[in-house]
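Chemist: So I've got this file, work-v4.tsv, and it contains TSV, C-alpha atoms:
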chain	number	residue	atom	x	y	z
H	1	MET	CA	0.00	0.00	0.00
H	2	GLU	CA	1.67	3.12	-1.31
H	3	ALA	CA	0.80	5.62	1.47
H	4	LEU	CA	2.06	3.29	4.20
H	5	ARG	CA	5.20	2.38	2.23
H	6	ARG	CA	6.01	6.05	1.73
H	7	MET	CA	5.49	6.81	5.41
H	8	ILE	CA	7.73	3.89	6.45
H	9	LEU	CA	10.51	5.11	4.17
H	10	GLU	CA	10.13	8.75	5.26
H	11	LYS	CA	9.56	8.38	9.01
H	12	GLY	CA	10.30	4.78	10.01
H	13	LYS	CA	13.61	3.87	11.60
H	14	GLY	CA	15.58	0.68	11.29
H	15	ILE	CA	17.53	-0.27	14.40
H	16	GLY	CA	20.12	-3.03	14.40
H	17	ASN	CA	19.27	-5.98	12.17
H	18	ASP	CA	15.62	-6.49	12.89
H	19	ILE	CA	13.85	-3.66	14.74
H	20	VAL	CA	11.42	-1.61	12.64
H	21	LYS	CA	10.39	1.49	14.59
H	22	VAL	CA	7.17	2.99	13.29
H	23	ASP	CA	5.75	4.39	16.51
H	24	MET	CA	5.67	7.97	15.21
H	25	PHE	CA	2.72	7.14	12.92
H	26	LEU	CA	1.48	3.63	13.70
H	27	ASN	CA	1.67	2.32	17.25
H	28	HIS	CA	2.29	5.08	19.78
H	29	ARG	CA	1.44	8.23	17.87
H	30	ILE	CA	-1.15	7.34	15.22
H	31	ASP	CA	-1.47	9.19	11.91
H	32	THR	CA	-5.25	8.98	11.77
H	33	ASN	CA	-5.44	9.94	8.12
H	34	LEU	CA	-3.10	7.11	7.13
H	35	LEU	CA	-4.92	4.77	9.54
H	36	PHE	CA	-8.25	5.13	7.74
H	37	GLN	CA	-6.58	4.69	4.35
H	38	MET	CA	-5.16	1.43	5.70
H	39	GLY	CA	-8.64	0.42	6.82
H	40	GLU	CA	-9.89	0.99	3.26
H	41	ALA	CA	-7.06	-1.10	1.83
H	42	TRP	CA	-7.88	-4.07	4.08
H	43	ALA	CA	-11.60	-3.69	3.35
H	44	GLU	CA	-10.91	-3.77	-0.39
H	45	GLU	CA	-8.84	-6.95	0.03
H	46	PHE	CA	-11.27	-8.80	2.28
H	47	ARG	CA	-14.75	-7.45	1.47
H	48	ALA	CA	-15.55	-10.42	-0.80
H	49	GLU	CA	-14.91	-12.79	2.14
H	50	LYS	CA	-17.88	-11.18	3.93
H	51	PRO	CA	-16.28	-10.77	7.38
H	52	GLU	CA	-18.80	-10.26	10.18
H	53	MET	CA	-16.35	-9.06	12.81
H	54	VAL	CA	-12.73	-7.97	13.24
H	55	LEU	CA	-10.54	-9.65	15.85
H	56	THR	CA	-7.28	-8.19	17.19
H	57	VAL	CA	-5.20	-8.13	20.36
H	58	GLU	CA	-4.56	-5.19	22.68
H	59	ALA	CA	-3.10	-2.63	22.55
H	60	SER	CA	-1.59	-1.49	19.26
H	61	GLY	CA	-3.87	-3.62	17.05
H	62	ILE	CA	-7.02	-1.85	18.26
H	63	ALA	CA	-6.76	1.34	16.18
H	64	MET	CA	-6.18	-0.66	12.99
H	65	ALA	CA	-9.01	-3.08	13.73
H	66	VAL	CA	-11.37	-0.11	14.23
H	67	ALA	CA	-10.31	1.43	10.90
H	68	ALA	CA	-10.82	-1.86	9.03
H	69	ALA	CA	-14.19	-2.46	10.71
H	70	HIS	CA	-15.31	1.06	9.81
H	71	ALA	CA	-14.39	0.57	6.15
H	72	LEU	CA	-16.29	-2.74	6.13
H	73	GLY	CA	-19.51	-1.03	7.16
H	74	ASP	CA	-19.01	-0.65	10.89
H	75	ILE	CA	-18.89	-4.36	11.76
H	76	PRO	CA	-17.99	-5.09	15.42
H	77	VAL	CA	-14.43	-5.28	16.73
H	78	VAL	CA	-13.31	-7.66	19.47
H	79	PHE	CA	-9.90	-7.31	21.04
H	80	ALA	CA	-8.22	-10.12	22.96
H	81	LYS	CA	-6.69	-9.20	26.31
H	82	LYS	CA	-3.22	-10.18	27.44
H	83	SER	CA	-2.23	-11.61	30.77
H	84	ALA	CA	0.83	-13.27	32.17
H	85	THR	CA	-1.13	-16.27	33.41
H	86	MET	CA	-4.14	-18.44	32.54
H	87	VAL	CA	-7.40	-17.09	33.86
H	88	GLN	CA	-9.59	-19.68	35.62
H	89	ASN	CA	-12.95	-18.99	34.04
H	90	GLU	CA	-15.15	-21.17	31.84
H	91	ASP	CA	-16.57	-18.12	30.09
H	92	VAL	CA	-13.26	-17.25	28.43
H	93	VAL	CA	-11.25	-18.91	25.69
H	94	GLN	CA	-7.45	-18.61	25.89
H	95	ALA	CA	-4.36	-19.25	23.79
H	96	PRO	CA	-0.62	-18.94	24.49
H	97	VAL	CA	1.52	-16.40	22.63
H	98	TYR	CA	5.28	-16.70	22.88
H	99	SER	CA	7.28	-13.50	22.48
H	100	PHE	CA	10.71	-14.08	20.90
H	101	THR	CA	11.55	-10.44	21.65
H	102	HIS	CA	10.90	-10.69	25.37
H	103	LYS	CA	11.49	-14.46	25.71
H	104	THR	CA	8.26	-14.79	27.66
H	105	GLN	CA	4.99	-16.59	27.13
H	106	ASN	CA	1.76	-14.70	27.65
H	107	MET	CA	-1.85	-15.76	27.36
H	108	ILE	CA	-4.42	-13.95	25.26
H	109	ARG	CA	-8.09	-14.37	26.01
H	110	ILE	CA	-11.57	-13.28	25.04
H	111	GLU	CA	-14.99	-13.90	26.47
H	112	ARG	CA	-16.49	-16.80	24.52
H	113	GLN	CA	-19.78	-15.01	23.89
H	114	TYR	CA	-18.02	-12.38	21.76
H	115	LEU	CA	-16.64	-14.94	19.29
H	116	PRO	CA	-19.65	-17.04	18.30
H	117	GLU	CA	-19.37	-20.40	16.53
H	118	GLY	CA	-19.61	-20.04	12.76
H	119	SER	CA	-18.87	-16.30	12.69
H	120	ARG	CA	-16.71	-15.04	9.82
H	121	VAL	CA	-13.69	-13.34	11.39
H	122	LEU	CA	-11.09	-10.99	9.90
H	123	ILE	CA	-7.94	-10.84	12.03
H	124	ILE	CA	-6.05	-7.52	12.00
H	125	ASP	CA	-2.73	-6.68	13.67
H	126	ASP	CA	0.03	-4.13	13.37
H	127	PHE	CA	3.06	-6.42	13.01
H	128	LEU	CA	3.75	-9.91	11.72
H	129	ALA	CA	7.18	-11.31	12.53
H	130	ASP	CA	7.28	-14.84	13.94
H	131	GLY	CA	3.53	-15.03	13.62
H	132	GLN	CA	2.91	-15.93	17.24
H	133	ALA	CA	0.22	-13.32	17.87
H	134	ALA	CA	-1.62	-14.12	14.64
H	135	ARG	CA	-1.46	-17.81	15.42
H	136	GLY	CA	-2.79	-17.18	18.93
H	137	LEU	CA	-5.77	-15.29	17.46
H	138	ILE	CA	-6.38	-18.06	14.88
H	139	ASN	CA	-6.21	-20.58	17.73
H	140	LEU	CA	-8.97	-18.70	19.61
H	141	CYS	CA	-11.15	-18.82	16.47
H	142	TRP	CA	-10.58	-22.56	15.99
H	143	GLN	CA	-11.40	-23.31	19.61
H	144	GLN	CA	-14.68	-21.46	19.18
H	145	GLY	CA	-15.53	-22.91	15.77
H	146	ALA	CA	-15.33	-19.49	14.13
H	147	ILE	CA	-14.12	-19.08	10.53
H	148	VAL	CA	-10.93	-17.11	9.87
H	149	VAL	CA	-11.64	-15.41	6.52
H	150	GLY	CA	-8.30	-13.61	6.44
H	151	VAL	CA	-5.44	-11.93	8.26
H	152	GLY	CA	-4.64	-8.27	7.58
H	153	ILE	CA	-1.27	-6.95	8.75
H	154	ALA	CA	0.19	-3.46	8.58
H	155	VAL	CA	3.92	-4.27	8.56
H	156	GLU	CA	5.24	-7.76	7.87
H	157	LYS	CA	8.86	-8.54	8.62
H	158	GLY	CA	9.53	-10.59	5.51
H	159	PHE	CA	12.84	-11.80	6.89
H	160	GLN	CA	11.09	-13.60	9.74
H	161	PRO	CA	9.08	-16.78	9.20
H	162	GLY	CA	5.52	-15.80	10.25
H	163	GLY	CA	4.21	-14.60	6.89
H	164	LYS	CA	5.55	-17.53	4.89
H	165	ALA	CA	4.15	-20.04	7.38
H	166	LEU	CA	0.69	-18.44	7.35
H	167	ARG	CA	0.57	-18.33	3.52
H	168	GLU	CA	1.67	-21.96	3.27
H	169	SER	CA	-1.08	-22.98	5.66
H	170	GLY	CA	-3.62	-21.55	3.21
H	171	ILE	CA	-4.55	-18.45	5.19
H	172	HIS	CA	-5.58	-15.41	3.09
H	173	LEU	CA	-2.93	-12.97	4.30
H	174	LYS	CA	-2.58	-9.33	3.24
H	175	SER	CA	0.34	-7.29	4.57
H	176	LEU	CA	0.15	-3.64	3.54
H	177	ALA	CA	3.96	-3.36	3.61
H	178	VAL	CA	6.67	-6.02	3.77
H	179	VAL	CA	10.10	-5.17	5.19
H	180	ASP	CA	12.81	-7.32	3.64
H	181	GLY	CA	15.59	-6.14	5.92
H	182	ILE	CA	17.50	-3.27	7.45
H	183	GLN	CA	20.71	-2.00	5.85
H	184	ASP	CA	22.80	0.64	7.63
H	185	GLY	CA	19.76	1.87	9.54
H	186	ASN	CA	17.62	2.07	6.40
H	187	ILE	CA	14.46	0.02	6.05
H	188	VAL	CA	14.38	-2.03	2.83
H	189	LEU	CA	10.85	-2.67	1.55
H	190	ARG	CA	9.87	-5.53	-0.72
H	191	PRO	CA	8.54	-4.24	-4.06
H	192	GLU	CA	4.76	-4.08	-4.09
H	193	GLU	CA	2.90	-7.06	-5.60
H	194	ASP	CA	0.74	-6.89	-8.71
E	1	MET	CA	-25.73	11.04	24.46
E	2	GLU	CA	-28.91	9.15	23.64
E	3	ALA	CA	-27.47	6.20	21.65
E	4	LEU	CA	-24.91	5.38	24.36
E	5	ARG	CA	-27.45	5.80	27.15
E	6	ARG	CA	-29.88	3.44	25.41
E	7	MET	CA	-27.12	0.86	24.87
E	8	ILE	CA	-26.05	1.05	28.54
E	9	LEU	CA	-29.64	0.49	29.69
E	10	GLU	CA	-30.22	-2.34	27.20
E	11	LYS	CA	-26.93	-4.22	27.34
E	12	GLY	CA	-24.90	-2.92	30.28
E	13	LYS	CA	-24.79	-4.79	33.55
E	14	GLY	CA	-24.53	-3.45	37.06
E	15	ILE	CA	-22.61	-5.66	39.44
E	16	GLY	CA	-22.59	-5.08	43.20
E	17	ASN	CA	-22.59	-1.43	44.19
E	18	ASP	CA	-20.14	0.05	41.78
E	19	ILE	CA	-19.14	-2.12	38.80
E	20	VAL	CA	-20.55	-1.00	35.44
E	21	LYS	CA	-19.96	-3.74	32.86
E	22	VAL	CA	-20.15	-2.46	29.31
E	23	ASP	CA	-17.66	-4.75	27.65
E	24	MET	CA	-20.20	-6.15	25.18
E	25	PHE	CA	-20.25	-2.88	23.24
E	26	LEU	CA	-17.51	-0.58	24.58
E	27	ASN	CA	-14.30	-2.09	25.89
E	28	HIS	CA	-13.85	-5.72	24.85
E	29	ARG	CA	-16.33	-6.13	22.02
E	30	ILE	CA	-16.77	-2.73	20.34
E	31	ASP	CA	-19.99	-1.66	18.63
E	32	THR	CA	-18.26	0.24	15.83
E	33	ASN	CA	-21.41	2.03	14.73
E	34	LEU	CA	-21.98	3.41	18.24
E	35	LEU	CA	-18.25	4.17	18.55
E	36	PHE	CA	-18.25	6.56	15.60
E	37	GLN	CA	-21.43	8.24	16.84
E	38	MET	CA	-19.60	8.83	20.12
E	39	GLY	CA	-16.69	10.31	18.19
E	40	GLU	CA	-19.11	12.75	16.54
E	41	ALA	CA	-20.58	13.72	19.90
E	42	TRP	CA	-17.15	14.54	21.36
E	43	ALA	CA	-16.17	16.41	18.19
E	44	GLU	CA	-19.31	18.53	18.44
E	45	GLU	CA	-18.54	19.35	22.07
E	46	PHE	CA	-14.86	20.20	21.60
E	47	ARG	CA	-14.48	21.39	17.99
E	48	ALA	CA	-14.53	25.07	19.05
E	49	GLU	CA	-11.52	24.41	21.32
E	50	LYS	CA	-9.48	23.57	18.21
E	51	PRO	CA	-7.75	20.43	19.48
E	52	GLU	CA	-4.67	19.46	17.48
E	53	MET	CA	-4.31	15.94	18.85
E	54	VAL	CA	-6.14	13.38	20.98
E	55	LEU	CA	-4.40	11.80	23.98
E	56	THR	CA	-5.53	8.59	25.67
E	57	VAL	CA	-4.07	5.61	27.53
E	58	GLU	CA	-3.90	1.99	26.37
E	59	ALA	CA	-5.83	-0.18	25.87
E	60	SER	CA	-9.54	0.49	25.97
E	61	GLY	CA	-9.24	4.25	25.37
E	62	ILE	CA	-7.66	3.77	21.95
E	63	ALA	CA	-10.78	2.95	19.93
E	64	MET	CA	-12.60	5.98	21.35
E	65	ALA	CA	-9.66	8.29	20.77
E	66	VAL	CA	-9.51	7.15	17.14
E	67	ALA	CA	-13.23	7.82	16.64
E	68	ALA	CA	-12.97	11.30	18.16
E	69	ALA	CA	-9.86	12.13	16.12
E	70	HIS	CA	-11.61	10.97	12.95
E	71	ALA	CA	-14.62	13.18	13.62
E	72	LEU	CA	-12.29	16.13	14.27
E	73	GLY	CA	-10.79	15.84	10.80
E	74	ASP	CA	-8.30	13.01	11.30
E	75	ILE	CA	-6.04	14.76	13.81
E	76	PRO	CA	-3.33	12.51	15.32
E	77	VAL	CA	-3.87	10.21	18.30
E	78	VAL	CA	-1.22	9.49	20.92
E	79	PHE	CA	-1.76	6.76	23.46
E	80	ALA	CA	0.20	6.56	26.71
E	81	LYS	CA	1.66	3.20	27.63
E	82	LYS	CA	1.35	1.56	31.02
E	83	SER	CA	4.08	-0.07	33.01
E	84	ALA	CA	4.50	-1.28	36.56
E	85	THR	CA	7.71	0.71	37.04
E	86	MET	CA	9.37	3.97	36.03
E	87	VAL	CA	11.30	3.74	32.80
E	88	GLN	CA	14.80	5.25	32.93
E	89	ASN	CA	14.81	7.28	29.75
E	90	GLU	CA	15.13	11.03	29.22
E	91	ASP	CA	13.08	10.84	26.04
E	92	VAL	CA	9.90	9.87	27.88
E	93	VAL	CA	7.59	11.77	30.22
E	94	GLN	CA	5.86	9.75	32.97
E	95	ALA	CA	3.11	10.12	35.56
E	96	PRO	CA	1.79	7.83	38.29
E	97	VAL	CA	-1.75	6.44	38.15
E	98	TYR	CA	-3.15	4.79	41.25
E	99	SER	CA	-5.82	2.13	40.72
E	100	PHE	CA	-8.33	1.98	43.57
E	101	THR	CA	-9.77	-1.19	42.00
E	102	HIS	CA	-6.48	-3.07	41.99
E	103	LYS	CA	-4.83	-1.18	44.86
E	104	THR	CA	-1.71	-0.75	42.77
E	105	GLN	CA	0.20	2.18	41.37
E	106	ASN	CA	1.23	2.09	37.73
E	107	MET	CA	3.15	4.53	35.62
E	108	ILE	CA	1.91	5.87	32.30
E	109	ARG	CA	4.37	7.28	29.81
E	110	ILE	CA	4.74	8.74	26.34
E	111	GLU	CA	7.68	9.74	24.24
E	112	ARG	CA	8.18	13.47	24.74
E	113	GLN	CA	8.42	14.20	21.02
E	114	TYR	CA	4.80	13.11	20.50
E	115	LEU	CA	3.41	15.68	22.97
E	116	PRO	CA	4.97	18.98	21.89
E	117	GLU	CA	4.98	22.10	24.06
E	118	GLY	CA	2.04	24.36	23.30
E	119	SER	CA	-0.02	21.71	21.49
E	120	ARG	CA	-3.78	21.77	22.07
E	121	VAL	CA	-4.73	18.37	23.47
E	122	LEU	CA	-8.11	16.67	23.84
E	123	ILE	CA	-8.00	13.82	26.37
E	124	ILE	CA	-10.38	10.90	25.71
E	125	ASP	CA	-11.00	7.83	27.88
E	126	ASP	CA	-13.65	5.16	28.35
E	127	PHE	CA	-14.29	5.50	32.10
E	128	LEU	CA	-14.04	8.23	34.72
E	129	ALA	CA	-14.38	7.09	38.32
E	130	ASP	CA	-11.78	8.37	40.77
E	131	GLY	CA	-10.20	10.37	37.97
E	132	GLN	CA	-6.73	8.93	38.40
E	133	ALA	CA	-6.18	8.06	34.73
E	134	ALA	CA	-7.47	11.45	33.54
E	135	ARG	CA	-5.29	13.22	36.08
E	136	GLY	CA	-2.28	11.19	34.97
E	137	LEU	CA	-2.87	12.25	31.36
E	138	ILE	CA	-3.32	15.90	32.39
E	139	ASN	CA	-0.09	15.61	34.39
E	140	LEU	CA	1.78	14.46	31.25
E	141	CYS	CA	0.44	17.50	29.36
E	142	TRP	CA	1.47	19.91	32.13
E	143	GLN	CA	4.97	18.47	32.32
E	144	GLN	CA	5.30	19.02	28.58
E	145	GLY	CA	3.73	22.48	28.52
E	146	ALA	CA	0.86	21.24	26.37
E	147	ILE	CA	-2.64	22.74	26.70
E	148	VAL	CA	-5.51	20.49	27.83
E	149	VAL	CA	-8.50	21.86	25.90
E	150	GLY	CA	-10.89	19.28	27.31
E	151	VAL	CA	-11.56	15.80	28.62
E	152	GLY	CA	-14.09	13.54	26.86
E	153	ILE	CA	-15.33	10.47	28.71
E	154	ALA	CA	-17.68	7.72	27.60
E	155	VAL	CA	-19.04	6.58	30.99
E	156	GLU	CA	-18.63	8.65	34.14
E	157	LYS	CA	-19.39	7.06	37.48
E	158	GLY	CA	-21.18	10.03	39.00
E	159	PHE	CA	-21.10	8.45	42.46
E	160	GLN	CA	-17.30	8.56	42.51
E	161	PRO	CA	-15.38	11.82	42.93
E	162	GLY	CA	-13.37	12.11	39.69
E	163	GLY	CA	-15.88	14.06	37.59
E	164	LYS	CA	-16.71	16.59	40.30
E	165	ALA	CA	-13.04	17.22	41.03
E	166	LEU	CA	-12.20	17.78	37.36
E	167	ARG	CA	-15.12	20.18	36.84
E	168	GLU	CA	-14.21	22.15	39.97
E	169	SER	CA	-10.65	22.50	38.72
E	170	GLY	CA	-12.01	24.27	35.63
E	171	ILE	CA	-11.43	21.47	33.13
E	172	HIS	CA	-13.93	21.34	30.25
E	173	LEU	CA	-15.30	17.84	30.83
E	174	LYS	CA	-17.90	16.05	28.71
E	175	SER	CA	-19.12	12.62	29.78
E	176	LEU	CA	-21.46	11.05	27.22
E	177	ALA	CA	-23.27	9.13	29.97
E	178	VAL	CA	-23.21	9.51	33.75
E	179	VAL	CA	-24.10	6.55	35.98
E	180	ASP	CA	-25.58	7.69	39.29
E	181	GLY	CA	-25.64	4.26	40.90
E	182	ILE	CA	-26.61	0.62	40.68
E	183	GLN	CA	-29.87	-0.58	42.19
E	184	ASP	CA	-30.68	-4.32	42.29
E	185	GLY	CA	-28.35	-4.96	39.35
E	186	ASN	CA	-29.87	-2.14	37.28
E	187	ILE	CA	-27.75	0.78	36.12
E	188	VAL	CA	-29.27	4.15	37.06
E	189	LEU	CA	-28.34	6.94	34.63
E	190	ARG	CA	-28.33	10.63	35.47
E	191	PRO	CA	-30.88	12.52	33.32
E	192	GLU	CA	-29.22	14.08	30.27
E	193	GLU	CA	-28.20	17.75	30.37
E	194	ASP	CA	-29.10	19.94	27.45
For the file at hand, write its structure as structure tokens.

Modeler:
Amino acid sequence: MEALRRMILEKGKGIGNDIVKVDMFLNHRIDTNLLFQMGEAWAEEFRAEKPEMVLTVEASGIAMAVAAAHALGDIPVVFAKKSATMVQNEDVVQAPVYSFTHKTQNMIRIERQYLPEGSRVLIIDDFLADGQAARGLINLCWQQGAIVVGVGIAVEKGFQPGGKALRESGIHLKSLAVVDGIQDGNIVLRPEED
Amino acid sequence: MEALRRMILEKGKGIGNDIVKVDMFLNHRIDTNLLFQMGEAWAEEFRAEKPEMVLTVEASGIAMAVAAAHALGDIPVVFAKKSATMVQNEDVVQAPVYSFTHKTQNMIRIERQYLPEGSRVLIIDDFLADGQAARGLINLCWQQGAIVVGVGIAVEKGFQPGGKALRESGIHLKSLAVVDGIQDGNIVLRPEED
């Protein structure tokens, strides 16, 4: 997506070999204008799959999920909550998410009633690297018998295995920008498809 | 705000004496249609104050901040991050937030560069009870020399002291719904102002 790619190249920062810092427009300060253009781009990609709700995980996925849901006709958003431990409660469904960055495992959870069996779910998140968060969200859907119609990502780290693994498993994945690497502090983007 | 009030009465749940559960449409599952109506209501209230950015705190404030920022012409959103401890970093500004519910003190923080001196800031959050979160956000603005043009809240607990204290300190506060109490599991709303 051209507007996001331009913003990444203009304002994003590459740190070390693998850190892509985009918090000046995406996940700390949010460029609201860009955000709603991103929502339109995901809606265009996934509208034909007839999603009935958008699922994400707190905190930085929420703004993007809201923008996508708005562009899809104001369908509901549900965001999974994070906690360090399992919650003992039959009303919630939980999945583990391992963080390679922090070397910790967290749980994500939602109340079962907000993810009904058979519902058509679009998953949205800001980053895709190892794919742990996306897989945790897909896991919640499977446990509930909900249908994952697609996964929309803002920034995919193409040099990490999450995107490839999701595509190979047959998931309809759309990343609005794919970072192929960082060279001398500069972010290298993969040329846009089509 | 009529649409929010109706939703609270229809779908909200009162638990015990003071818990207002609205997570089926506001802060776990989000009714996106209602959300953007709420954004319009805040924009109408605060447009004349010419806010240049919206400030909130993760996680459940983010969706509402995005809706308000959209209605105000897609001005930027900045969300403060929470942590259990102070971060040692000159580039961030921090404030303590005490939680009466959890009996714990957390820190909230933002990168200084995203809250410039002199900027006109609208603070948005989902709940106002004791007012600790709102005061923490105001504190961040004061430390940075930013101007708080108003505070927009979705649900104010009118039986707790936060709203009264903010109004008495001269802050322009707009709560879209005010809960006066819970009686036999039913949420009692304060009659709407005009």

Chemist: Using all atoms listed in the file, select each residue of chain E with any atom at most 6 Å away from an atom of chain H, and give the selection as a PDB file with C-alpha atoms, keeping the file's coordinate frame.

Modeler:
ATOM      1  CA  HIS E  28     -13.850  -5.720  24.850  1.00  0.00           C
ATOM      2  CA  ARG E  29     -16.330  -6.130  22.020  1.00  0.00           C
ATOM      3  CA  ILE E  30     -16.770  -2.730  20.340  1.00  0.00           C
ATOM      4  CA  ASP E  31     -19.990  -1.660  18.630  1.00  0.00           C
ATOM      5  CA  THR E  32     -18.260   0.240  15.830  1.00  0.00           C
ATOM      6  CA  ASN E  33     -21.410   2.030  14.730  1.00  0.00           C
ATOM      7  CA  ALA E  59      -5.830  -0.180  25.870  1.00  0.00           C
ATOM      8  CA  ALA E  63     -10.780   2.950  19.930  1.00  0.00           C
ATOM      9  CA  ASP E  74      -8.300  13.010  11.300  1.00  0.00           C
ATOM     10  CA  PRO E  76      -3.330  12.510  15.320  1.00  0.00           C
ATOM     11  CA  VAL E  77      -3.870  10.210  18.300  1.00  0.00           C
ATOM     12  CA  VAL E  78      -1.220   9.490  20.920  1.00  0.00           C
ATOM     13  CA  PHE E  79      -1.760   6.760  23.460  1.00  0.00           C
TER      14      PHE E  79
END

Chemist: Residues near region 174-186 of chain E, anyone? I mean within 7 Å using all atoms listed in the file, not counting same-chain ones fewer than 2 positions away, as a PDB file with C-alpha atoms, in the frame of the given file.

Modeler:
ATOM      1  CA  MET E   1     -25.730  11.040  24.460  1.00  0.00           C
ATOM      2  CA  LEU E   4     -24.910   5.380  24.360  1.00  0.00           C
ATOM      3  CA  ARG E   5     -27.450   5.800  27.150  1.00  0.00           C
ATOM      4  CA  LYS E  13     -24.790  -4.790  33.550  1.00  0.00           C
ATOM      5  CA  GLY E  14     -24.530  -3.450  37.060  1.00  0.00           C
ATOM      6  CA  ILE E  15     -22.610  -5.660  39.440  1.00  0.00           C
ATOM      7  CA  GLY E  16     -22.590  -5.080  43.200  1.00  0.00           C
ATOM      8  CA  ASN E  17     -22.590  -1.430  44.190  1.00  0.00           C
ATOM      9  CA  ASP E  18     -20.140   0.050  41.780  1.00  0.00           C
ATOM     10  CA  VAL E 151     -11.560  15.800  28.620  1.00  0.00           C
ATOM     11  CA  GLY E 152     -14.090  13.540  26.860  1.00  0.00           C
ATOM     12  CA  ILE E 153     -15.330  10.470  28.710  1.00  0.00           C
ATOM     13  CA  ALA E 154     -17.680   7.720  27.600  1.00  0.00           C
ATOM     14  CA  VAL E 155     -19.040   6.580  30.990  1.00  0.00           C
ATOM     15  CA  GLU E 156     -18.630   8.650  34.140  1.00  0.00           C
ATOM     16  CA  LYS E 157     -19.390   7.060  37.480  1.00  0.00           C
ATOM     17  CA  GLY E 158     -21.180  10.030  39.000  1.00  0.00           C
ATOM     18  CA  PHE E 159     -21.100   8.450  42.460  1.00  0.00           C
ATOM     19  CA  HIS E 172     -13.930  21.340  30.250  1.00  0.00           C
ATOM     20  CA  VAL E 188     -29.270   4.150  37.060  1.00  0.00           C
ATOM     21  CA  LEU E 189     -28.340   6.940  34.630  1.00  0.00           C
ATOM     22  CA  ARG E 190     -28.330  10.630  35.470  1.00  0.00           C
TER      23      ARG E 190
END

Chemist: Counting all atoms listed in the file, which residues sit no farther than 10 Å from the position (-8.5, 18.5, 36.4) in the file's frame? I'd like them as a count of residues only.

Modeler: 23

Chemist: What is the CA of Glu40 (chain E)-CA of Leu72 (chain E) distance in Å, reported with one decimal?

Modeler: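 Pair CA of Glu40 (chain E) / CA of Leu72 (chain E) returns 7.9 Å.
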
Chemist: If you measure from CA of Cys141 (chain E) to CA of Met107 (chain E), what distance in Å do you get, rounded to one decimal?

Modeler: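 Going from CA of Cys141 (chain E) over to CA of Met107 (chain E) covers 14.7 Å.
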
Chemist: What is the CA of Phe127 (chain E) to CA of Ala43 (chain E) distance in Å?

Modeler: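 Spanning CA of Phe127 (chain E) to CA of Ala43 (chain E) is a straight-line distance of 17.8 Å.
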
Chemist: Do a neighbour search on Lys82 (chain H) at 7 Å with only C-alpha atoms, toss out local chain neighbours closer than 3 positions, and write the hits as a CSV table (one decimal) with C-alpha atoms, in the frame of the given file.

Modeler:
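Dumped everything to part-v6.csv:
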chain,number,residue,atom,x,y,z
H,106,ASN,CA,1.8,-14.7,27.6
H,107,MET,CA,-1.8,-15.8,27.4
H,108,ILE,CA,-4.4,-14.0,25.3
H,109,ARG,CA,-8.1,-14.4,26.0

Chemist: Where atoms are absent from region 17-28 of chain H, fill them in so it carries N, CA and C atoms, then output it as a PDB file, in the coordinates of the input.

Modeler:
ATOM      1  N   ASN H  17      19.571  -5.121  13.317  1.00  0.00           N
ATOM      2  CA  ASN H  17      19.270  -5.980  12.170  1.00  0.00           C
ATOM      3  C   ASN H  17      17.782  -6.215  11.958  1.00  0.00           C
ATOM      4  N   ASP H  18      16.989  -5.985  13.017  1.00  0.00           N
ATOM      5  CA  ASP H  18      15.620  -6.490  12.890  1.00  0.00           C
ATOM      6  C   ASP H  18      14.537  -5.646  13.561  1.00  0.00           C
ATOM      7  N   ILE H  19      14.895  -4.463  14.110  1.00  0.00           N
ATOM      8  CA  ILE H  19      13.850  -3.660  14.740  1.00  0.00           C
ATOM      9  C   ILE H  19      13.364  -2.586  13.773  1.00  0.00           C
ATOM     10  N   VAL H  20      12.056  -2.586  13.528  1.00  0.00           N
ATOM     11  CA  VAL H  20      11.420  -1.610  12.640  1.00  0.00           C
ATOM     12  C   VAL H  20      10.591  -0.696  13.516  1.00  0.00           C
ATOM     13  N   LYS H  21      11.047   0.559  13.666  1.00  0.00           N
ATOM     14  CA  LYS H  21      10.390   1.490  14.590  1.00  0.00           C
ATOM     15  C   LYS H  21       9.452   2.387  13.780  1.00  0.00           C
ATOM     16  N   VAL H  22       8.167   2.220  14.031  1.00  0.00           N
ATOM     17  CA  VAL H  22       7.170   2.990  13.290  1.00  0.00           C
ATOM     18  C   VAL H  22       6.206   3.657  14.270  1.00  0.00           C
ATOM     19  N   ASP H  23       6.695   3.906  15.505  1.00  0.00           N
ATOM     20  CA  ASP H  23       5.750   4.390  16.510  1.00  0.00           C
ATOM     21  C   ASP H  23       5.423   5.868  16.386  1.00  0.00           C
ATOM     22  N   MET H  24       6.032   6.568  15.439  1.00  0.00           N
ATOM     23  CA  MET H  24       5.670   7.970  15.210  1.00  0.00           C
ATOM     24  C   MET H  24       4.422   8.111  14.322  1.00  0.00           C
ATOM     25  N   PHE H  25       3.965   7.029  13.725  1.00  0.00           N
ATOM     26  CA  PHE H  25       2.720   7.140  12.920  1.00  0.00           C
ATOM     27  C   PHE H  25       1.811   5.922  13.067  1.00  0.00           C
ATOM     28  N   LEU H  26       2.285   4.855  13.718  1.00  0.00           N
ATOM     29  CA  LEU H  26       1.480   3.630  13.700  1.00  0.00           C
ATOM     30  C   LEU H  26       1.103   3.088  15.073  1.00  0.00           C
ATOM     31  N   ASN H  27       2.049   3.009  16.016  1.00  0.00           N
ATOM     32  CA  ASN H  27       1.670   2.320  17.250  1.00  0.00           C
ATOM     33  C   ASN H  27       2.103   2.993  18.567  1.00  0.00           C
ATOM     34  N   HIS H  28       2.186   4.319  18.518  1.00  0.00           N
ATOM     35  CA  HIS H  28       2.290   5.080  19.780  1.00  0.00           C
ATOM     36  C   HIS H  28       1.614   6.433  19.488  1.00  0.00           C
TER      37      HIS H  28
END
